[in-house]
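**Student:** Here you go, structure-v6.pdb (PDB, C-alpha atoms):
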ATOM      1  CA  MET A 212    -162.531 114.952 -92.699
ATOM      2  CA  SER A 213    -162.138 115.069 -88.957
ATOM      3  CA  ARG A 214    -160.245 112.524 -86.932
ATOM      4  CA  ARG A 215    -163.422 111.343 -85.261
ATOM      5  CA  LYS A 216    -165.071 110.463 -88.563
ATOM      6  CA  SER A 217    -161.897 108.731 -89.806
ATOM      7  CA  GLY A 218    -161.817 106.524 -86.701
ATOM      8  CA  LEU A 219    -165.436 105.543 -87.138
ATOM      9  CA  LEU A 220    -164.820 104.615 -90.772
ATOM     10  CA  LEU A 221    -161.781 102.468 -89.870
ATOM     11  CA  ALA A 222    -163.704 100.680 -87.128
ATOM     12  CA  GLY A 223    -166.598  99.933 -89.490
ATOM     13  CA  ALA A 224    -164.254  98.576 -92.153
ATOM     14  CA  ALA A 225    -162.511  96.304 -89.632
ATOM     15  CA  LEU A 226    -165.866  94.965 -88.387
ATOM     16  CA  LEU A 227    -166.987  94.271 -91.949
ATOM     17  CA  LEU A 228    -163.762  92.384 -92.757
ATOM     18  CA  GLY A 229    -164.122  90.287 -89.599
ATOM     19  CA  LEU A 230    -167.687  89.310 -90.437
ATOM     20  CA  THR A 231    -166.655  88.383 -93.979
ATOM     21  CA  ALA A 232    -163.810  86.158 -92.732
ATOM     22  CA  CYS A 233    -166.066  84.347 -90.261
ATOM     23  CA  THR A 234    -168.683  83.734 -92.937
ATOM     24  CA  GLY A 235    -166.082  82.328 -95.351
ATOM     25  CA  SER A 236    -164.630  80.028 -92.740
ATOM     26  CA  SER A 237    -168.044  78.674 -91.824
ATOM     27  CA  THR A 238    -168.906  78.115 -95.472
ATOM     28  CA  ARG A 239    -165.701  76.134 -96.087
ATOM     29  CA  SER A 240    -166.221  73.852 -93.086
ATOM     30  CA  ASP A 241    -169.846  73.116 -94.000
ATOM     31  CA  SER A 242    -169.371  72.579 -97.719
ATOM     32  CA  TYR A 243    -166.548  70.017 -97.257
ATOM     33  CA  ALA A 244    -165.065  71.271-100.532
ATOM     34  CA  GLY A 245    -161.326  70.759-100.171
ATOM     35  CA  ALA A 246    -158.816  68.173 -98.969
ATOM     36  CA  PRO A 247    -157.233  70.521 -96.389
ATOM     37  CA  ALA A 248    -160.601  70.817 -94.682
ATOM     38  CA  GLN A 249    -161.286  67.065 -94.990
ATOM     39  CA  ALA A 250    -158.077  65.946 -93.283
ATOM     40  CA  PRO A 251    -158.871  67.601 -89.958
ATOM     41  CA  LEU A 252    -162.395  66.211 -90.196
ATOM     42  CA  ALA A 253    -161.155  62.639 -90.688
ATOM     43  CA  ASN A 254    -158.538  63.071 -87.994
ATOM     44  CA  LYS A 255    -161.151  64.423 -85.644
ATOM     45  CA  GLU A 256    -163.418  61.475 -86.469
ATOM     46  CA  SER A 257    -160.599  59.000 -85.828
ATOM     47  CA  GLY A 258    -159.174  61.095 -83.005
ATOM     48  CA  GLY A 259    -156.287  58.639 -82.702
ATOM     49  CA  GLY A 260    -158.816  56.435 -80.969
ATOM     50  CA  SER A 261    -159.493  59.161 -78.350
ATOM     51  CA  GLY A 262    -162.941  60.092 -79.633
ATOM     52  CA  ALA A 263    -164.155  56.495 -79.714
ATOM     53  CA  GLY A 264    -162.536  55.867 -76.353
ATOM     54  CA  ALA A 265    -164.268  58.882 -74.823
ATOM     55  CA  THR A 266    -167.593  57.801 -76.238
ATOM     56  CA  SER A 267    -166.959  54.238 -75.001
ATOM     57  CA  LYS A 268    -166.246  55.592 -71.524
ATOM     58  CA  GLN A 269    -169.454  57.581 -71.631
ATOM     59  CA  GLY A 270    -171.344  54.439 -72.683
ATOM     60  CA  GLN A 271    -169.774  52.526 -69.821
ATOM     61  CA  GLN A 272    -170.724  55.240 -67.380
ATOM     62  CA  GLN A 273    -174.274  55.186 -68.697
ATOM     63  CA  GLN A 274    -174.425  51.391 -68.416
ATOM     64  CA  GLN A 275    -172.844  51.300 -64.943
ATOM     65  CA  PRO A 276    -175.996  52.170 -62.949
ATOM     66  CA  GLN A 277    -177.976  49.601 -64.916
ATOM     67  CA  GLN A 278    -175.281  46.980 -64.291
ATOM     68  CA  ASP A 279    -175.127  47.661 -60.553
ATOM     69  CA  SER A 280    -178.875  47.576 -60.180
ATOM     70  CA  ALA A 281    -179.344  44.392 -62.264
ATOM     71  CA  PRO A 282    -180.913  41.518 -60.320
ATOM     72  CA  VAL A 283    -178.978  38.360 -59.650
ATOM     73  CA  GLN A 284    -180.962  36.298 -62.177
ATOM     74  CA  ASN A 285    -179.876  38.665 -64.985
ATOM     75  CA  ARG A 286    -176.164  38.228 -64.381
ATOM     76  CA  GLN A 287    -174.145  36.765 -67.238
ATOM     77  CA  LEU A 288    -172.464  33.570 -65.954
ATOM     78  CA  VAL A 289    -170.107  31.123 -67.653
ATOM     79  CA  GLN A 290    -170.688  27.771 -65.941
ATOM     80  CA  THR A 291    -168.259  24.842 -66.110
ATOM     81  CA  ALA A 292    -168.059  21.505 -64.291
ATOM     82  CA  ARG A 293    -165.658  18.562 -64.122
ATOM     83  CA  ILE A 294    -166.858  15.159 -62.923
ATOM     84  CA  GLN A 295    -164.721  12.080 -62.243
ATOM     85  CA  MET A 296    -166.344   8.676 -61.729
ATOM     86  CA  THR A 297    -165.726   4.946 -61.946
ATOM     87  CA  VAL A 298    -167.995   2.669 -63.993
ATOM     88  CA  PRO A 299    -168.008  -1.031 -64.943
ATOM     89  CA  ASP A 300    -167.796  -0.203 -68.680
ATOM     90  CA  PRO A 301    -166.303   3.178 -69.767
ATOM     91  CA  VAL A 302    -167.445   2.808 -73.394
ATOM     92  CA  ALA A 303    -171.061   2.221 -72.340
ATOM     93  CA  ALA A 304    -170.846   5.198 -69.957
ATOM     94  CA  VAL A 305    -169.681   7.496 -72.776
ATOM     95  CA  MET A 306    -172.601   6.411 -74.939
ATOM     96  CA  ALA A 307    -175.009   7.096 -72.072
ATOM     97  CA  ALA A 308    -173.446  10.547 -71.549
ATOM     98  CA  ARG A 309    -174.050  11.367 -75.222
ATOM     99  CA  GLY A 310    -177.700  10.445 -74.714
ATOM    100  CA  VAL A 311    -177.933  12.793 -71.702
ATOM    101  CA  ALA A 312    -176.565  15.734 -73.723
ATOM    102  CA  THR A 313    -178.914  15.057 -76.638
ATOM    103  CA  SER A 314    -181.968  14.755 -74.393
ATOM    104  CA  LEU A 315    -181.212  18.211 -72.939
ATOM    105  CA  ASN A 316    -180.868  19.856 -76.390
ATOM    106  CA  GLY A 317    -177.095  19.925 -76.106
ATOM    107  CA  PHE A 318    -174.243  18.284 -77.964
ATOM    108  CA  THR A 319    -170.886  16.596 -77.372
ATOM    109  CA  GLY A 320    -167.487  18.097 -78.059
ATOM    110  CA  GLN A 321    -164.047  16.575 -77.670
ATOM    111  CA  GLU A 322    -163.972  12.866 -76.829
ATOM    112  CA  GLU A 323    -161.194  10.396 -75.969
ATOM    113  CA  SER A 324    -161.811   6.806 -74.901
ATOM    114  CA  ASN A 325    -160.230   3.376 -74.586
ATOM    115  CA  SER A 326    -161.080   0.132 -72.835
ATOM    116  CA  ASP A 327    -160.198   1.429 -69.351
ATOM    117  CA  ASN A 328    -160.612   5.241 -69.427
ATOM    118  CA  ALA A 329    -162.653   7.840 -71.290
ATOM    119  CA  THR A 330    -163.079  11.628 -71.353
ATOM    120  CA  ILE A 331    -165.969  13.461 -73.027
ATOM    121  CA  THR A 332    -166.948  17.150 -73.143
ATOM    122  CA  LEU A 333    -170.651  18.019 -73.082
ATOM    123  CA  ARG A 334    -172.257  21.377 -73.992
ATOM    124  CA  VAL A 335    -175.748  21.853 -72.554
ATOM    125  CA  PRO A 336    -178.036  24.915 -72.205
ATOM    126  CA  ALA A 337    -177.260  27.029 -69.150
ATOM    127  CA  ASP A 338    -180.683  26.393 -67.596
ATOM    128  CA  LYS A 339    -180.115  22.608 -67.871
ATOM    129  CA  PHE A 340    -176.655  22.696 -66.274
ATOM    130  CA  ASP A 341    -177.632  21.231 -62.879
ATOM    131  CA  THR A 342    -179.976  18.718 -64.519
ATOM    132  CA  ALA A 343    -177.151  17.394 -66.674
ATOM    133  CA  ILE A 344    -174.876  16.932 -63.652
ATOM    134  CA  ASP A 345    -177.587  15.048 -61.751
ATOM    135  CA  GLN A 346    -178.307  12.714 -64.680
ATOM    136  CA  LEU A 347    -174.611  11.992 -65.248
ATOM    137  CA  ALA A 348    -174.191  11.074 -61.580
ATOM    138  CA  LYS A 349    -176.982   8.508 -61.998
ATOM    139  CA  LEU A 350    -175.412   6.596 -64.902
ATOM    140  CA  PRO A 351    -175.641   2.767 -64.490
ATOM    141  CA  GLY A 352    -173.009   1.565 -62.029
ATOM    142  CA  ALA A 353    -171.435   5.035 -61.716
ATOM    143  CA  LYS A 354    -169.610   6.069 -58.538
ATOM    144  CA  VAL A 355    -168.647   9.757 -58.434
ATOM    145  CA  THR A 356    -165.135  10.149 -57.021
ATOM    146  CA  ALA A 357    -164.663  13.908 -57.584
ATOM    147  CA  GLN A 358    -166.789  16.837 -58.744
ATOM    148  CA  HIS A 359    -165.962  20.515 -59.337
ATOM    149  CA  LYS A 360    -168.382  23.278 -60.381
ATOM    150  CA  GLN A 361    -167.468  26.864 -61.282
ATOM    151  CA  ALA A 362    -169.435  29.944 -62.388
ATOM    152  CA  ASP A 363    -167.562  32.991 -63.737
ATOM    153  CA  ASP A 364    -169.448  36.308 -63.779
ATOM    154  CA  VAL A 365    -168.799  38.038 -67.142
ATOM    155  CA  THR A 366    -171.502  40.697 -66.844
ATOM    156  CA  ASP A 367    -168.894  43.497 -66.870
ATOM    157  CA  GLN A 368    -167.347  42.154 -70.067
ATOM    158  CA  VAL A 369    -170.745  41.855 -71.760
ATOM    159  CA  VAL A 370    -171.733  45.424 -70.812
ATOM    160  CA  ASP A 371    -168.369  46.789 -71.938
ATOM    161  CA  LEU A 372    -168.527  44.989 -75.290
ATOM    162  CA  ASP A 373    -172.102  46.129 -75.896
ATOM    163  CA  ALA A 374    -171.140  49.756 -75.228
ATOM    164  CA  ARG A 375    -168.123  49.526 -77.518
ATOM    165  CA  LEU A 376    -170.189  47.905 -80.236
ATOM    166  CA  ALA A 377    -172.758  50.722 -80.108
ATOM    167  CA  THR A 378    -169.995  53.315 -80.294
ATOM    168  CA  GLN A 379    -168.204  51.541 -83.111
ATOM    169  CA  ARG A 380    -171.413  51.169 -85.150
ATOM    170  CA  ALA A 381    -172.109  54.893 -84.799
ATOM    171  CA  SER A 382    -168.527  55.647 -85.854
ATOM    172  CA  VAL A 383    -168.863  53.438 -88.943
ATOM    173  CA  ASP A 384    -172.136  55.147 -89.863
ATOM    174  CA  ARG A 385    -170.496  58.581 -89.634
ATOM    175  CA  MET A 386    -167.640  57.496 -91.861
ATOM    176  CA  ARG A 387    -170.107  56.163 -94.425
ATOM    177  CA  ALA A 388    -171.909  59.500 -94.376
ATOM    178  CA  LEU A 389    -168.587  61.293 -94.957
ATOM    179  CA  LEU A 390    -167.806  58.921 -97.815
ATOM    180  CA  ALA A 391    -171.078  59.854 -99.467
ATOM    181  CA  LYS A 392    -170.120  63.565 -99.276
ATOM    182  CA  ALA A 393    -166.569  63.146-100.616
ATOM    183  CA  ASN A 394    -165.937  65.134-103.816
ATOM    184  CA  SER A 395    -162.385  64.166-104.812
ATOM    185  CA  VAL A 396    -160.364  61.018-105.267
ATOM    186  CA  SER A 397    -158.057  61.864-102.365
ATOM    187  CA  GLU A 398    -161.024  62.406-100.064
ATOM    188  CA  VAL A 399    -162.593  59.083-101.127
ATOM    189  CA  ALA A 400    -159.326  57.184-100.603
ATOM    190  CA  GLN A 401    -158.758  58.729 -97.181
ATOM    191  CA  VAL A 402    -162.300  58.106 -95.945
ATOM    192  CA  GLU A 403    -162.416  54.556 -97.365
ATOM    193  CA  SER A 404    -159.174  53.641 -95.605
ATOM    194  CA  GLU A 405    -160.509  54.857 -92.278
ATOM    195  CA  LEU A 406    -163.866  53.190 -92.905
ATOM    196  CA  THR A 407    -162.191  49.829 -93.654
ATOM    197  CA  ARG A 408    -160.210  49.973 -90.415
ATOM    198  CA  ARG A 409    -163.271  50.781 -88.347
ATOM    199  CA  GLU A 410    -165.365  48.062 -89.998
ATOM    200  CA  ALA A 411    -162.606  45.534 -89.196
ATOM    201  CA  ASP A 412    -162.619  46.641 -85.550
ATOM    202  CA  LEU A 413    -166.402  46.319 -85.494
ATOM    203  CA  GLU A 414    -166.302  42.764 -86.869
ATOM    204  CA  SER A 415    -163.657  41.795 -84.309
ATOM    205  CA  MET A 416    -165.811  43.105 -81.465
ATOM    206  CA  GLN A 417    -168.849  41.309 -82.840
ATOM    207  CA  GLY A 418    -166.883  38.032 -82.927
ATOM    208  CA  ARG A 419    -165.774  38.418 -79.315
ATOM    209  CA  ARG A 420    -169.307  39.278 -78.228
ATOM    210  CA  ALA A 421    -170.718  36.242 -80.039
ATOM    211  CA  ALA A 422    -168.107  33.921 -78.468
ATOM    212  CA  LEU A 423    -168.820  35.299 -75.003
ATOM    213  CA  GLY A 424    -172.552  34.929 -75.556
ATOM    214  CA  GLY A 425    -172.038  31.305 -76.621
ATOM    215  CA  GLN A 426    -170.140  30.561 -73.417
ATOM    216  CA  VAL A 427    -172.951  32.079 -71.379
ATOM    217  CA  ALA A 428    -175.750  30.317 -73.273
ATOM    218  CA  LEU A 429    -174.109  26.859 -73.257
ATOM    219  CA  SER A 430    -172.459  25.449 -70.153
ATOM    220  CA  THR A 431    -169.549  23.007 -70.337
ATOM    221  CA  VAL A 432    -169.360  19.666 -68.496
ATOM    222  CA  VAL A 433    -166.191  17.560 -68.731
ATOM    223  CA  LEU A 434    -166.804  13.922 -67.759
ATOM    224  CA  GLN A 435    -163.899  11.602 -66.914
ATOM    225  CA  VAL A 436    -164.698   7.913 -66.383
ATOM    226  CA  GLY A 437    -162.462   5.011 -65.415
ATOM    227  CA  ARG A 438    -163.024   1.277 -65.130
ATOM    228  CA  GLU A 439    -163.959   0.136 -61.666
ATOM    229  CA  THR A 440    -161.263  -2.123 -60.184
ATOM    230  CA  PRO A 441    -162.497  -5.419 -58.631
ATOM    231  CA  PRO A 442    -162.176  -5.703 -54.854
ATOM    232  CA  PRO A 443    -159.089  -7.558 -53.590
ATOM    233  CA  THR A 444    -159.485 -11.283 -52.915
ATOM    234  CA  PRO A 445    -159.698 -11.869 -49.150
ATOM    235  CA  LYS A 446    -156.952 -14.032 -47.707
ATOM    236  CA  PRO A 447    -158.074 -17.342 -46.170
ATOM    237  CA  ALA A 448    -158.153 -17.335 -42.424
ATOM    238  CA  GLU A 449    -155.302 -19.168 -40.752
ATOM    239  CA  GLN A 450    -156.384 -22.409 -39.038
ATOM    240  CA  LYS A 451    -155.237 -23.226 -35.559
ATOM    241  CA  ALA A 452    -152.990 -26.262 -35.007
ATOM    242  CA  GLY A 453    -154.618 -29.408 -33.555
ATOM    243  CA  PHE A 454    -155.944 -32.890 -34.295
ATOM    244  CA  VAL A 455    -158.912 -31.628 -36.317
ATOM    245  CA  SER A 456    -156.775 -29.279 -38.395
ATOM    246  CA  GLY A 457    -154.198 -32.078 -38.923
ATOM    247  CA  LEU A 458    -156.895 -34.515 -39.965
ATOM    248  CA  THR A 459    -158.384 -31.949 -42.326
ATOM    249  CA  GLY A 460    -154.986 -31.191 -43.810
ATOM    250  CA  GLY A 461    -154.119 -34.904 -44.189
ATOM    251  CA  TRP A 462    -157.429 -35.690 -45.793
ATOM    252  CA  GLY A 463    -156.968 -32.821 -48.172
ATOM    253  CA  ALA A 464    -153.460 -34.033 -49.043
ATOM    254  CA  PHE A 465    -154.753 -37.573 -49.568
ATOM    255  CA  GLY A 466    -157.484 -36.287 -51.850
ATOM    256  CA  ASP A 467    -154.917 -34.268 -53.767
ATOM    257  CA  MET A 468    -152.685 -37.367 -54.123
ATOM    258  CA  VAL A 469    -155.570 -39.540 -55.366
ATOM    259  CA  ASN A 470    -156.592 -36.808 -57.728
ATOM    260  CA  GLY A 471    -153.037 -36.576 -59.032
ATOM    261  CA  ILE A 472    -152.801 -40.372 -59.525
ATOM    262  CA  LEU A 473    -156.095 -40.490 -61.364
ATOM    263  CA  THR A 474    -155.018 -37.600 -63.508
ATOM    264  CA  ALA A 475    -151.776 -39.398 -64.367
ATOM    265  CA  LEU A 476    -153.645 -42.623 -65.177
ATOM    266  CA  GLY A 477    -156.047 -40.733 -67.358
ATOM    267  CA  ALA A 478    -153.127 -39.224 -69.216
ATOM    268  CA  LEU A 479    -151.343 -42.624 -69.604
ATOM    269  CA  LEU A 480    -154.436 -44.648 -70.489
ATOM    270  CA  PRO A 481    -154.282 -44.041 -74.274
ATOM    271  CA  PHE A 482    -150.638 -45.121 -74.342
ATOM    272  CA  LEU A 483    -151.317 -48.230 -72.189
ATOM    273  CA  VAL A 484    -154.196 -49.320 -74.418
ATOM    274  CA  THR A 485    -152.081 -48.891 -77.524
ATOM    275  CA  LEU A 486    -149.151 -50.848 -76.040
ATOM    276  CA  GLY A 487    -151.507 -53.589 -74.766
ATOM    277  CA  VAL A 488    -153.099 -54.112 -78.168
ATOM    278  CA  ALA A 489    -149.678 -54.219 -79.820
ATOM    279  CA  GLY A 490    -148.464 -56.809 -77.248
ATOM    280  CA  VAL A 491    -151.506 -59.043 -77.760
ATOM    281  CA  VAL A 492    -151.017 -59.017 -81.539
ATOM    282  CA  TYR A 493    -147.329 -59.830 -81.156
ATOM    283  CA  LEU A 494    -148.010 -62.815 -78.855
ATOM    284  CA  TYR A 495    -150.727 -64.123 -81.156
ATOM    285  CA  ILE A 496    -148.417 -64.069 -84.200
ATOM    286  CA  ARG A 497    -145.602 -65.709 -82.299
ATOM    287  CA  ARG A 498    -147.793 -68.515 -81.049
ATOM    288  CA  LYS A 499    -149.118 -69.151 -84.527
ATOM    289  CA  ARG A 500    -145.598 -69.446 -85.919
ATOM    290  CA  ARG A 501    -144.655 -71.947 -83.276
ATOM    291  CA  LYS A 502    -147.563 -74.190 -84.215
ATOM    292  CA  ALA A 503    -146.652 -74.038 -87.896
ATOM    293  CA  ASN A 504    -142.973 -74.953 -87.302
ATOM    294  CA  PRO A 505    -142.765 -77.410 -84.414
ATOM    295  CA  LYS A 506    -139.277 -78.294 -83.080
ATOM    296  CA  PRO A 507    -137.872 -81.871 -83.976
ATOM    297  CA  THR A 508    -138.081 -84.448 -81.192
ATOM    298  CA  PRO A 509    -134.565 -85.804 -80.282
ATOM    299  CA  ALA A 510    -133.895 -89.708 -80.523
ATOM    300  CA  PRO A 511    -134.009 -91.604 -77.239
ATOM    301  CA  THR A 512    -130.592 -92.579 -75.915
ATOM    302  CA  THR A 513    -129.765 -95.842 -74.107
ATOM    303  CA  PRO A 514    -128.623 -95.158 -70.644
ATOM    304  CA  THR A 515    -125.098 -96.438 -69.900
ATOM    305  CA  VAL A 516    -124.944 -98.821 -66.923
ATOM    306  CA  PRO A 517    -121.775 -98.449 -64.996
ATOM    307  CA  PRO A 518    -119.925-101.765 -64.254
ATOM    308  CA  ALA A 519    -120.382-103.367 -60.940
ATOM    309  CA  PRO A 520    -117.650-102.887 -58.491
ATOM    310  CA  GLY A 521    -114.957-105.604 -58.599
ATOM    311  CA  THR A 522    -115.656-106.609 -62.179
ATOM    312  CA  PRO A 523    -112.515-106.619 -64.383
TER     313      PRO A 523
END
Take the structure in this file and express it as structure tokens.
**Tutor:**
Amino acid sequence: MSRRKSGLLLAGAALLLGLTACTGSSTRSDSYAGAPAQAPLANKESGGGSGAGATSKQGQQQQQPQQDSAPVQNRQLVQTARIQMTVPDPVAAVMAARGVATSLNGFTGQEESNSDNATITLRVPADKFDTAIDQLAKLPGAKVTAQHKQADDVTDQVVDLDARLATQRASVDRMRALLAKANSVSEVAQVESELTRREADLESMQGRRAALGGQVALSTVVLQVGRETPPPTPKPAEQKAGFVSGLTGGWGAFGDMVNGILTALGALLPFLVTLGVAGVVYLYIRRKRRKANPKPTPAPTTPTVPPAPGTP
């Protein structure tokens, strides 16, 4: 056999071996028959978080034009307000604030109150936020002393969470499909472990998205009320010195003295009446005893006539 024919035979054999190796490799990767082939597949699916992160970035890039072109009315806003006011009765004001929240299809949250101060948190629908503030400012006897409103734009967070949720759901679906194709116990255990982790991440994202959506849908109003203090008593105007002012002062002092004497007599009158009745009874008994036991009359005595001067 010539050298030329030998070279052609060797080249044909090498090409045949290469085609056979490529076909076997493709068959092993598609059949998912062994654990050595499954491990790279699971690692590629998890990608140390790189695959999901890349897909999340792609989702964010796809959502970015839509976010930038969104009109103002479609922005996701978290609205909060704090109102401070004084009222004649804080307890009655808190009850009226509960009625405002209920009438607007909202509800009340944390509440603290006493006889002089009260604080209540109201949750109302976002489209009734301004209405709630206006109605609270018109509570009976209310005087607003301070008011603060704030709106935080969380559109970026909402878009980011939505993109991550879509990516995570697709990742969980792929892992479930791999679990259905697993043929050995080791493959099932490996895929189930990865599937459990990804389902936990998905539930965590869903919880954060729900909490953020609740903050957007329901606005928060914190109402602080305090009892209104009475105005200070005005001091009497000082009177100028003079005859009229002296006469007025003297007459007032005289009236005060008479009033004091009458007050003292009124206080002593019960005692004086009691002592007077007791004295009358005592005198009556004494006089009656004297009449019953009269004193003896003494015998008349003859007066002694002194002798005349010069008589022996």
**Student:** Identify the residues around (-181.6, 21.9, -77.7) within a radius of 12 Å, measuring from all atoms listed in the file in the coordinates stated by the file, and give them as a list in words.
**Tutor:**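 Applying the cut-off with all atoms listed in the file, one gets Val311, Ala312, Thr313, Ser314, Leu315, Asn316, Gly317, Phe318, Thr319, Arg334, Val335, Pro336, Ala337, Asp338, Lys339, Ala428 and Leu429 of chain A.
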**Student:** So which residues touch A:Leu372 within 10 Å, counting all atoms listed in the file, skipping near sequence neighbours fewer than 2 positions away, as a VMD selection string?
**Tutor:** chain A and resid 267 271 366 to 370 374 to 378 416 to 417 419 to 420 423
**Student:** Could you tell me how far atom CA of A:Ala362 sits from atom CA of A:Ser324, in Å to one decimal place?
**Tutor:** 27.4 Å
**Student:** Written as a ChimeraX atom specification, which residues does the PyMOL selection byres ((chain A and resi 406) around 9) give for the file shown?
**Tutor:** /A:382-383,386-387,390,401-405,407-411
**Student:** Tell me, in Å to one decimal, how far atom CA of A:Gly424 is from atom CA of A:Thr291.
**Tutor:** 14.5 Å
**Student:** Report the distance between atom CA of A:Ala303 and atom CA of A:Ser430 in Å, rounded to one decimal place.
**Tutor:**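 Separation between atom CA of A:Ala303 and atom CA of A:Ser430: 23.4 Å.
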**Student:** Fewer than 5 positions away in the same chain doesn't count, so skip those; otherwise give me all residues within 6 Å of stretch 349-359 of chain A, counting all atoms listed in the file, as a ChimeraX atom specification.
**Tutor:** /A:292-298
**Student:** With all atoms listed in the file as the atoms that count, which of A:Val427, A:Arg309, A:Ala348, A:Ala381 lies nearest to A:Asn285?
**Tutor:**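 Closest to A:Asn285, using all atoms listed in the file: A:Val427.
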**Student:** Go ahead and fit an axis-aligned box to every listed atom of stretch 339-351 of chain A plus 4 Å each side, and pass me the centre and edge lengths in Å, one decimal, as AutoDock Vina command-line options.
**Tutor:**
--center_x -177.2 --center_y 12.7 --center_z -64.7 --size_x 13.9 --size_y 27.9 --size_z 14.3
**Student:** Go through A:Gln290, A:Val492, A:Leu434, A:Asp341 and flag the residue nearest A:Asp364, using all atoms listed in the file for the distances.
**Tutor:** A:Gln290
**Student:** Would you please work out which residue, of A:Leu288, A:Val432, A:Ala391, A:Pro301, is nearest to A:Leu347 when using all atoms listed in the file?
**Tutor:**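 Looking only at the distances to A:Leu347, the closest residue turns out to be A:Val432.
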**Student:** I want to know what sits within 8 Å of A:Gly320, based on all atoms listed in the file, with residues of the same chain fewer than 4 positions away left out; could you give that as a PyMOL selection string?
**Tutor:** chain A and resi 331-334
**Student:** Please list, as a PyMOL selection string, the residues that have an atom at most 6 Å away from (-166.1, -1.9, -65.7) in the coordinates of this file, counting all atoms listed in the file.
**Tutor:** chain A and resi 298-300+438-439
**Student:** Go through A:Gly466, A:Gly418, A:Gly460, A:Gly437 and flag the residue nearest A:Asp327, using only C-alpha atoms for the distances.
**Tutor:**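 So, comparing all the options, the nearest one is A:Gly437.
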